[in-house]
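my_file.txt, holding compact mmCIF, C-alpha atoms and all ligand atoms:
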```txt
# COMPACT_ATOMS: atom_id res chain seq x y z
CA MET A 157 63.11 74.90 124.87
CA THR A 158 64.18 77.23 127.72
CA GLY A 159 67.28 75.04 128.09
CA TRP A 160 68.23 75.77 124.49
CA ILE A 161 67.70 79.47 124.92
CA SER A 162 69.92 79.67 128.01
CA LEU A 163 72.56 77.51 126.27
CA CYS A 164 72.49 79.89 123.33
CA ARG A 165 72.77 82.83 125.72
CA SER A 166 75.82 81.42 127.47
CA ILE A 167 77.50 80.63 124.13
CA ALA A 168 76.78 84.17 122.99
CA LYS A 169 78.17 85.58 126.26
CA ALA A 170 81.30 83.44 126.00
CA GLY A 171 81.71 84.61 122.43
CA LEU A 172 81.31 88.20 123.46
CA SER A 173 83.85 88.04 126.27
CA ALA A 174 86.35 86.21 124.05
CA GLY A 175 85.75 88.94 121.49
CA ALA A 176 86.27 91.60 124.13
CA VAL A 177 89.61 90.06 125.14
CA LEU A 178 90.73 89.91 121.51
CA LEU A 179 89.65 93.51 120.96
CA ALA A 180 91.48 94.68 124.08
CA THR A 181 94.67 92.88 122.97
CA TRP A 182 94.41 94.36 119.51
CA LEU A 183 93.89 97.87 120.91
CA THR A 184 96.89 97.51 123.25
CA LEU A 185 99.13 96.27 120.45
CA HIS A 186 98.08 99.09 118.18
CA ALA A 187 98.40 101.69 120.92
CA GLN A 188 101.99 100.51 121.53
CA GLN A 189 102.75 100.59 117.85
CA GLY A 190 101.18 104.05 117.70
CA THR A 191 103.49 105.38 120.43
CA ILE A 192 106.53 104.12 118.58
CA ASP A 193 105.35 105.52 115.27
CA ARG A 194 104.41 108.94 116.57
CA SER A 195 107.91 110.15 117.42
CA GLY A 196 111.28 110.53 115.75
CA ALA A 197 112.37 109.93 112.19
CA PRO A 198 109.77 107.29 111.19
CA ALA A 199 106.97 109.65 112.24
CA ALA A 200 108.61 112.52 110.37
CA LEU A 201 108.91 110.39 107.22
CA ALA A 202 105.27 109.31 107.42
CA ALA A 203 104.18 112.93 107.94
CA TRP A 204 106.37 114.07 105.05
CA ASP A 205 104.49 111.75 102.72
CA HIS A 206 101.27 113.64 103.44
CA ILE A 207 102.96 117.04 103.31
CA ALA A 208 104.50 116.32 99.90
CA ARG A 209 101.09 115.46 98.48
CA VAL A 210 99.84 118.92 99.48
CA LEU A 211 102.90 120.75 98.13
CA GLN A 212 102.53 118.90 94.82
CA HIS A 213 98.85 119.84 94.58
CA PRO A 214 98.16 122.29 91.70
CA ARG A 215 96.98 124.99 94.18
CA CYS A 216 100.53 125.18 95.53
CA LEU A 217 102.64 123.98 92.64
CA ASN A 218 101.11 126.41 90.08
CA CYS A 219 103.00 129.28 91.78
CA HIS A 220 106.17 127.43 92.76
CA GLN A 221 107.33 127.42 89.13
CA GLU A 222 110.49 128.41 87.34
CA ASN A 223 109.44 131.34 85.18
CA VAL A 224 105.76 131.13 84.25
CA PRO A 225 102.84 130.33 86.59
CA LEU A 226 100.42 127.55 85.67
CA GLN A 227 96.62 127.61 85.80
CA GLY A 228 93.94 125.15 86.82
CA ASP A 229 93.93 121.51 87.83
CA MET A 230 95.36 120.56 84.42
CA ARG A 231 98.32 122.91 85.02
CA ARG A 232 98.25 124.72 81.71
CA VAL A 233 100.59 127.63 81.06
CA HIS A 234 99.06 130.92 82.34
CA ILE A 235 96.76 132.62 79.80
CA PRO A 236 97.58 135.37 78.97
CA LEU A 237 101.28 134.57 79.10
CA VAL A 238 102.99 136.23 82.06
CA VAL A 239 106.61 135.89 83.17
CA ARG A 240 108.45 136.22 86.47
CA GLY A 241 110.31 139.47 85.83
CA PRO A 242 113.08 140.82 88.08
CA ASP A 243 110.92 141.02 91.25
CA ASN A 244 108.67 137.93 90.76
CA HIS A 245 105.71 140.26 90.05
CA GLY A 246 105.71 140.09 86.24
CA VAL A 247 106.64 142.79 83.74
CA GLY A 248 104.97 145.76 82.04
CA ALA A 249 101.18 145.55 81.78
CA MET A 250 101.37 141.93 82.93
CA ARG A 251 102.12 142.65 86.56
CA CYS A 252 100.37 140.07 88.75
CA GLY A 253 98.66 142.72 90.89
CA ASN A 254 97.01 144.28 87.81
CA CYS A 255 94.63 141.33 87.74
CA HIS A 256 95.07 139.44 91.02
CA ASN A 257 93.39 141.33 93.82
CA GLY A 258 94.70 141.35 97.39
CA SER A 259 91.17 141.46 98.78
CA GLY A 260 90.30 137.94 97.66
CA ASN A 261 88.98 135.90 94.76
CA ASN A 262 87.09 137.90 92.15
CA GLU A 263 84.18 135.60 91.34
CA THR A 264 82.97 137.85 88.48
CA SER A 265 86.19 137.75 86.48
CA GLY A 266 87.24 134.34 87.84
CA THR A 267 90.59 135.77 88.92
CA PRO A 268 91.94 134.29 92.15
CA GLY A 269 93.34 136.66 94.76
CA ALA A 270 94.47 136.80 98.39
CA GLY A 271 96.70 138.34 100.94
CA GLY A 272 96.47 142.11 100.68
CA PRO A 273 97.83 144.53 98.08
CA GLY A 274 100.70 143.26 95.96
CA LEU A 275 101.15 139.90 97.66
CA TRP A 276 100.16 137.74 94.67
CA GLN A 277 103.39 136.84 92.89
CA LEU A 278 105.42 133.89 91.66
CA ALA A 279 107.39 132.08 94.38
CA PRO A 280 111.10 133.06 94.19
CA SER A 281 113.13 130.81 91.89
CA SER A 282 115.07 129.31 94.82
CA MET A 283 111.68 127.91 95.90
CA LEU A 284 111.08 126.02 92.67
CA TRP A 285 109.16 122.82 93.45
CA GLN A 286 108.10 121.68 89.99
CA GLY A 287 109.78 118.48 88.83
CA LEU A 288 111.46 117.67 92.16
CA SER A 289 111.31 114.17 93.62
CA SER A 290 109.73 113.90 97.07
CA GLY A 291 113.21 113.71 98.68
CA ASP A 292 114.56 116.72 96.78
CA LEU A 293 111.43 118.72 97.55
CA CYS A 294 111.91 117.87 101.23
CA ARG A 295 115.57 118.95 101.19
CA MET A 296 114.66 122.19 99.39
CA LEU A 297 111.96 123.01 101.91
CA LYS A 298 114.25 122.80 104.94
CA ASP A 299 117.30 124.40 103.29
CA THR A 300 117.52 127.85 104.89
CA ALA A 301 119.71 129.05 102.00
CA ARG A 302 116.77 128.48 99.65
CA ASN A 303 113.61 128.73 101.78
CA GLY A 304 113.90 132.37 102.84
CA GLY A 305 115.88 131.60 106.01
CA ARG A 306 113.04 129.71 107.69
CA ASP A 307 113.72 127.27 110.52
CA GLY A 308 111.15 124.62 111.50
CA ALA A 309 109.10 127.03 113.64
CA LYS A 310 108.95 129.58 110.81
CA LEU A 311 107.92 126.89 108.33
CA ILE A 312 105.07 125.84 110.64
CA GLU A 313 104.02 129.48 111.00
CA HIS A 314 104.07 129.95 107.21
CA MET A 315 101.89 126.89 106.64
CA GLU A 316 99.55 127.98 109.45
CA SER A 317 98.87 131.58 108.52
CA GLU A 318 100.45 132.75 105.23
CA PRO A 319 97.55 134.10 103.09
CA LEU A 320 98.86 132.57 99.84
CA VAL A 321 98.97 129.16 101.58
CA LEU A 322 95.50 129.58 103.10
CA TRP A 323 94.20 130.51 99.65
CA GLY A 324 94.81 126.87 98.63
CA TRP A 325 91.85 125.91 100.85
CA ASN A 326 89.66 128.71 99.47
CA PRO A 327 90.69 129.02 95.81
CA GLY A 328 87.38 130.31 94.38
CA GLY A 329 85.85 129.47 91.00
CA ASP A 330 85.78 125.78 90.15
CA ARG A 331 89.36 125.24 91.31
CA THR A 332 89.76 122.16 93.53
CA PRO A 333 90.83 123.09 97.08
CA VAL A 334 93.70 121.19 98.69
CA PRO A 335 91.93 117.96 99.73
CA MET A 336 93.46 117.46 103.21
CA PRO A 337 91.87 119.64 105.97
CA HIS A 338 94.14 122.60 106.79
CA ASP A 339 94.52 121.81 110.51
CA ALA A 340 95.44 118.18 109.70
CA PHE A 341 98.07 119.51 107.27
CA VAL A 342 99.55 121.85 109.91
CA ASN A 343 99.67 118.91 112.36
CA GLU A 344 101.64 116.86 109.82
CA VAL A 345 104.10 119.75 109.44
CA LYS A 346 104.48 119.93 113.24
CA THR A 347 105.12 116.17 113.41
CA TRP A 348 107.70 116.46 110.63
CA VAL A 349 109.52 119.32 112.39
CA ALA A 350 109.36 117.58 115.82
CA GLY A 351 110.77 114.41 114.22
CA GLY A 352 113.85 116.25 112.91
CA MET A 353 112.57 117.16 109.40
CA THR A 354 113.69 113.78 108.10
CA CYS A 355 113.63 113.43 104.30
CA PRO A 356 113.28 110.33 102.12
CA SER A 357 116.44 109.52 100.15
C1 LIG B 1 100.22 133.04 94.35
C2 LIG B 1 101.41 132.26 94.40
C3 LIG B 1 101.62 131.24 95.49
C4 LIG B 1 100.79 130.19 95.82
C5 LIG B 1 99.44 129.86 95.23
C6 LIG B 1 101.47 129.43 96.83
N1 LIG B 1 102.67 130.01 97.14
FE1 LIG B 1 104.02 129.36 98.51
N2 LIG B 1 105.19 131.00 98.14
C7 LIG B 1 104.87 132.02 97.28
C8 LIG B 1 105.82 133.12 97.47
C9 LIG B 1 105.78 134.45 96.75
C10 LIG B 1 106.73 132.69 98.46
C11 LIG B 1 107.89 133.48 99.05
C12 LIG B 1 107.40 134.17 100.29
C13 LIG B 1 108.50 134.71 101.16
O1 LIG B 1 109.61 134.19 101.17
O2 LIG B 1 108.17 135.62 101.94
C14 LIG B 1 106.31 131.35 98.84
C15 LIG B 1 106.96 130.58 99.80
C16 LIG B 1 106.48 129.43 100.34
C17 LIG B 1 107.13 128.66 101.39
C18 LIG B 1 108.45 128.97 102.08
C19 LIG B 1 109.62 128.71 101.22
C20 LIG B 1 109.74 127.34 100.67
O3 LIG B 1 109.48 127.14 99.45
O4 LIG B 1 110.16 126.47 101.41
C21 LIG B 1 106.32 127.62 101.68
C22 LIG B 1 106.57 126.57 102.72
C23 LIG B 1 105.15 127.73 100.83
N3 LIG B 1 105.29 128.82 100.02
C24 LIG B 1 104.09 126.87 100.88
C25 LIG B 1 102.99 126.93 100.01
C26 LIG B 1 101.88 126.00 100.05
C27 LIG B 1 101.76 124.84 101.01
C28 LIG B 1 101.01 126.39 99.08
C29 LIG B 1 99.68 125.76 98.71
C30 LIG B 1 98.74 125.48 99.77
C31 LIG B 1 101.57 127.57 98.44
N4 LIG B 1 102.77 127.85 99.03
C32 LIG B 1 100.96 128.28 97.41
C33 LIG B 1 103.83 132.04 96.38
C34 LIG B 1 102.79 131.13 96.35
C1 LIG B 2 95.89 139.94 82.62
C2 LIG B 2 95.48 139.46 83.89
C3 LIG B 2 96.44 138.59 84.68
C4 LIG B 2 97.76 138.84 84.99
C5 LIG B 2 98.61 140.04 84.58
C6 LIG B 2 98.20 137.73 85.81
N1 LIG B 2 97.17 136.83 85.97
FE1 LIG B 2 97.26 135.05 86.97
N2 LIG B 2 95.35 134.63 86.42
C7 LIG B 2 94.50 135.48 85.72
C8 LIG B 2 93.20 134.85 85.59
C9 LIG B 2 91.98 135.44 84.90
C10 LIG B 2 93.30 133.58 86.20
C11 LIG B 2 92.21 132.50 86.31
C12 LIG B 2 92.24 131.66 85.07
C13 LIG B 2 91.39 130.43 85.19
O1 LIG B 2 91.27 129.88 86.26
O2 LIG B 2 90.85 130.02 84.16
C14 LIG B 2 94.66 133.49 86.71
C15 LIG B 2 95.14 132.38 87.37
C16 LIG B 2 96.40 132.32 87.94
C17 LIG B 2 96.90 131.18 88.68
C18 LIG B 2 96.20 129.87 88.80
C19 LIG B 2 95.76 129.44 90.13
C20 LIG B 2 95.35 127.99 90.06
O3 LIG B 2 95.87 127.22 90.86
O4 LIG B 2 94.56 127.64 89.19
C21 LIG B 2 98.16 131.51 89.11
C22 LIG B 2 99.08 130.63 89.94
C23 LIG B 2 98.44 132.83 88.66
N3 LIG B 2 97.36 133.30 87.96
C24 LIG B 2 99.60 133.50 88.92
C25 LIG B 2 99.93 134.72 88.37
C26 LIG B 2 101.21 135.39 88.58
C27 LIG B 2 102.32 134.86 89.44
C28 LIG B 2 101.18 136.54 87.86
C29 LIG B 2 102.27 137.55 87.68
C30 LIG B 2 103.58 137.05 87.28
C31 LIG B 2 99.88 136.60 87.18
N4 LIG B 2 99.16 135.47 87.53
C32 LIG B 2 99.46 137.61 86.34
C33 LIG B 2 94.83 136.72 85.24
C34 LIG B 2 96.08 137.32 85.30
```
Could you write out this file's structure as structure tokens?
Ligand code: HEC
Ligand code: HEC
Amino acid sequence: MTGWISLCRSIAKAGLSAGAVLLATWLTLHAQQGTIDRSGAPAALAAWDHIARVLQHPRCLNCHQENVPLQGDMRRVHIPLVVRGPDNHGVGAMRCGNCHNGSGNNETSGTPGAGGPGLWQLAPSSMLWQGLSSGDLCRMLKDTARNGGRDGAKLIEHMESEPLVLWGWNPGGDRTPVPMPHDAFVNEVKTWVAGGMTCPS
């Protein structure tokens, strides 16, 4: 009986150490792969994939529109109808700031808001994202002629601290926040910039 038990123990031990060796090998292989993947163009491309999913989220895309903002997760045309106007702030009585408050979301009226007085506005038409493929969106984003003259560092800063961006993680009402944690998103942007802002074709 005791013989059986000790035999079982040694088999179990042998199994464990073989397992440990396999695990160590697996970890080493993956660590090596990880080092290769975490730098340069492949890393930038992988990061871009995650970034694009955020930019194409309704919380961002609803403002990066051609002429009329969209509302909600279903992206319906803004009710009441508002248009860009010459300064991206709407026209006449339908100026964005007449309803959207700089001090934050108004939970009573259900009107989103952020960023201080007069910040809420449609993104300039050079920053139109709607309808772009992932590659075209990527090329738009890093094109200083269209992105407000932002280099990589400025893009990181914008994603890190711009109130209209941060609003996407605190949108109020029953609007879905951007699903990826904000710091993880900023890290992806940093990886993309460090890897040369590579874009898919
Ligand atoms: C309320 C409208 C609004 C929302 C919502 C919004 N943006 Fe923007 N966005 C703007 C405006 C306006 C600008 C132009 C700001 C400037 O150039 O100073 C802009 C510019 C940008 C830029 C720099 C230019 C470019 O297009 O490359 C980035 C990057 C950006 N937004 C990211 C985001 C992200 C990410 C989200 C969602 C988490 C978002 N925005 C949501 C209005 C909005
Ligand atoms: C008459 C008031 C009013 C005006 C003017 C107005 N909005 Fe709105 N807006 C609202 C209300 C209310 C909501 C919330 C609707 C809802 O969620 O059902 C809203 C929602 C939005 C959203 C949706 C956010 C999301 O992701 O769901 C965007 C984007 C937006 N407005 C942009 C603008 C822009 C840009 C302007 C100016 C060109 C503007 N709005 C002018 C009242 C207004």
(request) Please identify the residues whose atoms come within 8 Å of ligand LIG 1 (chain B), using all atoms listed in the file, and report them as number ranges by chain. (result) A: 210-211, 213-220, 244, 269-270, 275-280, 282-285, 296-299, 302-304, 306, 311, 314-315, 320-325, 334
(request) Rank A:Lys346, A:His338, A:Lys310, A:His234 by their smallest atom-to-atom distance to ligand LIG 2 (chain B), using all atoms listed in the file, and report the top residue only. (result) A:His234
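A straight line drawn from atom CA of A:Arg209 to atom C18 of ligand LIG 2 (chain B) is 18.0 Å long.
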Taking all listed atoms of stretch 282-289 of chain A, build the axis-aligned box, pad each of the six sides by 4 Å, then write its centre and edge lengths in Å to one decimal as JSON.
```
{"center_x": 111.6, "center_y": 121.7, "center_z": 92.4, "size_x": 15.0, "size_y": 23.1, "size_z": 15.1}
```
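Computed from the coordinates, the atom C14 of ligand LIG 2 (chain B) to atom CA of A:Ala208 distance equals 23.8 Å.
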(request) List all protein, DNA and RNA residues that have any atom at most 8 Å from ligand LIG 2 (chain B), counting all atoms listed in the file, and write the list as a ChimeraX atom specification. (result) /A:214-219,224-229,231,234-236,238-241,244-247,249-256,265-268,276-279,324,327,329-331
Please identify all polymer residues within 12 Å of A:Asn343, counting all atoms listed in the file, omitting same-chain residues fewer than 2 positions from it, and present them as a compact mmCIF listing (two decimals) with C-alpha atoms, in the coordinates of the input.
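Output file result_3.txt follows:
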```txt
# COMPACT_ATOMS: atom_id res chain seq x y z
CA ARG A 194 104.41 108.94 116.57
CA ALA A 199 106.97 109.65 112.24
CA ALA A 200 108.61 112.52 110.37
CA ALA A 203 104.18 112.93 107.94
CA TRP A 204 106.37 114.07 105.05
CA HIS A 206 101.27 113.64 103.44
CA ILE A 207 102.96 117.04 103.31
CA ILE A 312 105.07 125.84 110.64
CA GLU A 313 104.02 129.48 111.00
CA MET A 315 101.89 126.89 106.64
CA GLU A 316 99.55 127.98 109.45
CA MET A 336 93.46 117.46 103.21
CA PRO A 337 91.87 119.64 105.97
CA HIS A 338 94.14 122.60 106.79
CA ASP A 339 94.52 121.81 110.51
CA ALA A 340 95.44 118.18 109.70
CA PHE A 341 98.07 119.51 107.27
CA VAL A 345 104.10 119.75 109.44
CA LYS A 346 104.48 119.93 113.24
CA THR A 347 105.12 116.17 113.41
CA TRP A 348 107.70 116.46 110.63
CA VAL A 349 109.52 119.32 112.39
CA ALA A 350 109.36 117.58 115.82
```
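Taking atom CA of A:Asn326 and atom CA of A:Asn262 as the two end points, the separation is 12.0 Å.
Here the question is which of A:Gly272, A:Gln212, A:Glu318, A:Gly328 gets nearest to A:Gln286 using only C-alpha atoms, and that residue is A:Gln212.
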(message) I'd like to know which of A:Ala197, A:Gly258, A:Cys294, A:Met353 is closest to A:Asp307, using all atoms listed in the file.
(response) A:Met353
(message) So that I can see what lies close to A:Arg295, please list as number ranges by chain the residues with an atom at most 9 Å from it, counting all atoms listed in the file and leaving out residues fewer than 6 positions away in the same chain.
(response) A: 353-356
Next, dump the selected residues to file, keeping only C-alpha atoms, as a PDB file, keeping the file's coordinate frame.
```pdb
ATOM      1  CA  MET A 353     112.570 117.160 109.400  1.00  0.00           C
ATOM      2  CA  THR A 354     113.690 113.780 108.100  1.00  0.00           C
ATOM      3  CA  CYS A 355     113.630 113.430 104.300  1.00  0.00           C
ATOM      4  CA  PRO A 356     113.280 110.330 102.120  1.00  0.00           C
TER       5      PRO A 356
END
```
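With only C-alpha atoms as the basis for measurement, A:Gly308 is the residue among A:Ser281, A:Glu263, A:Gly308, A:Pro319 that approaches A:Gly352 most closely.
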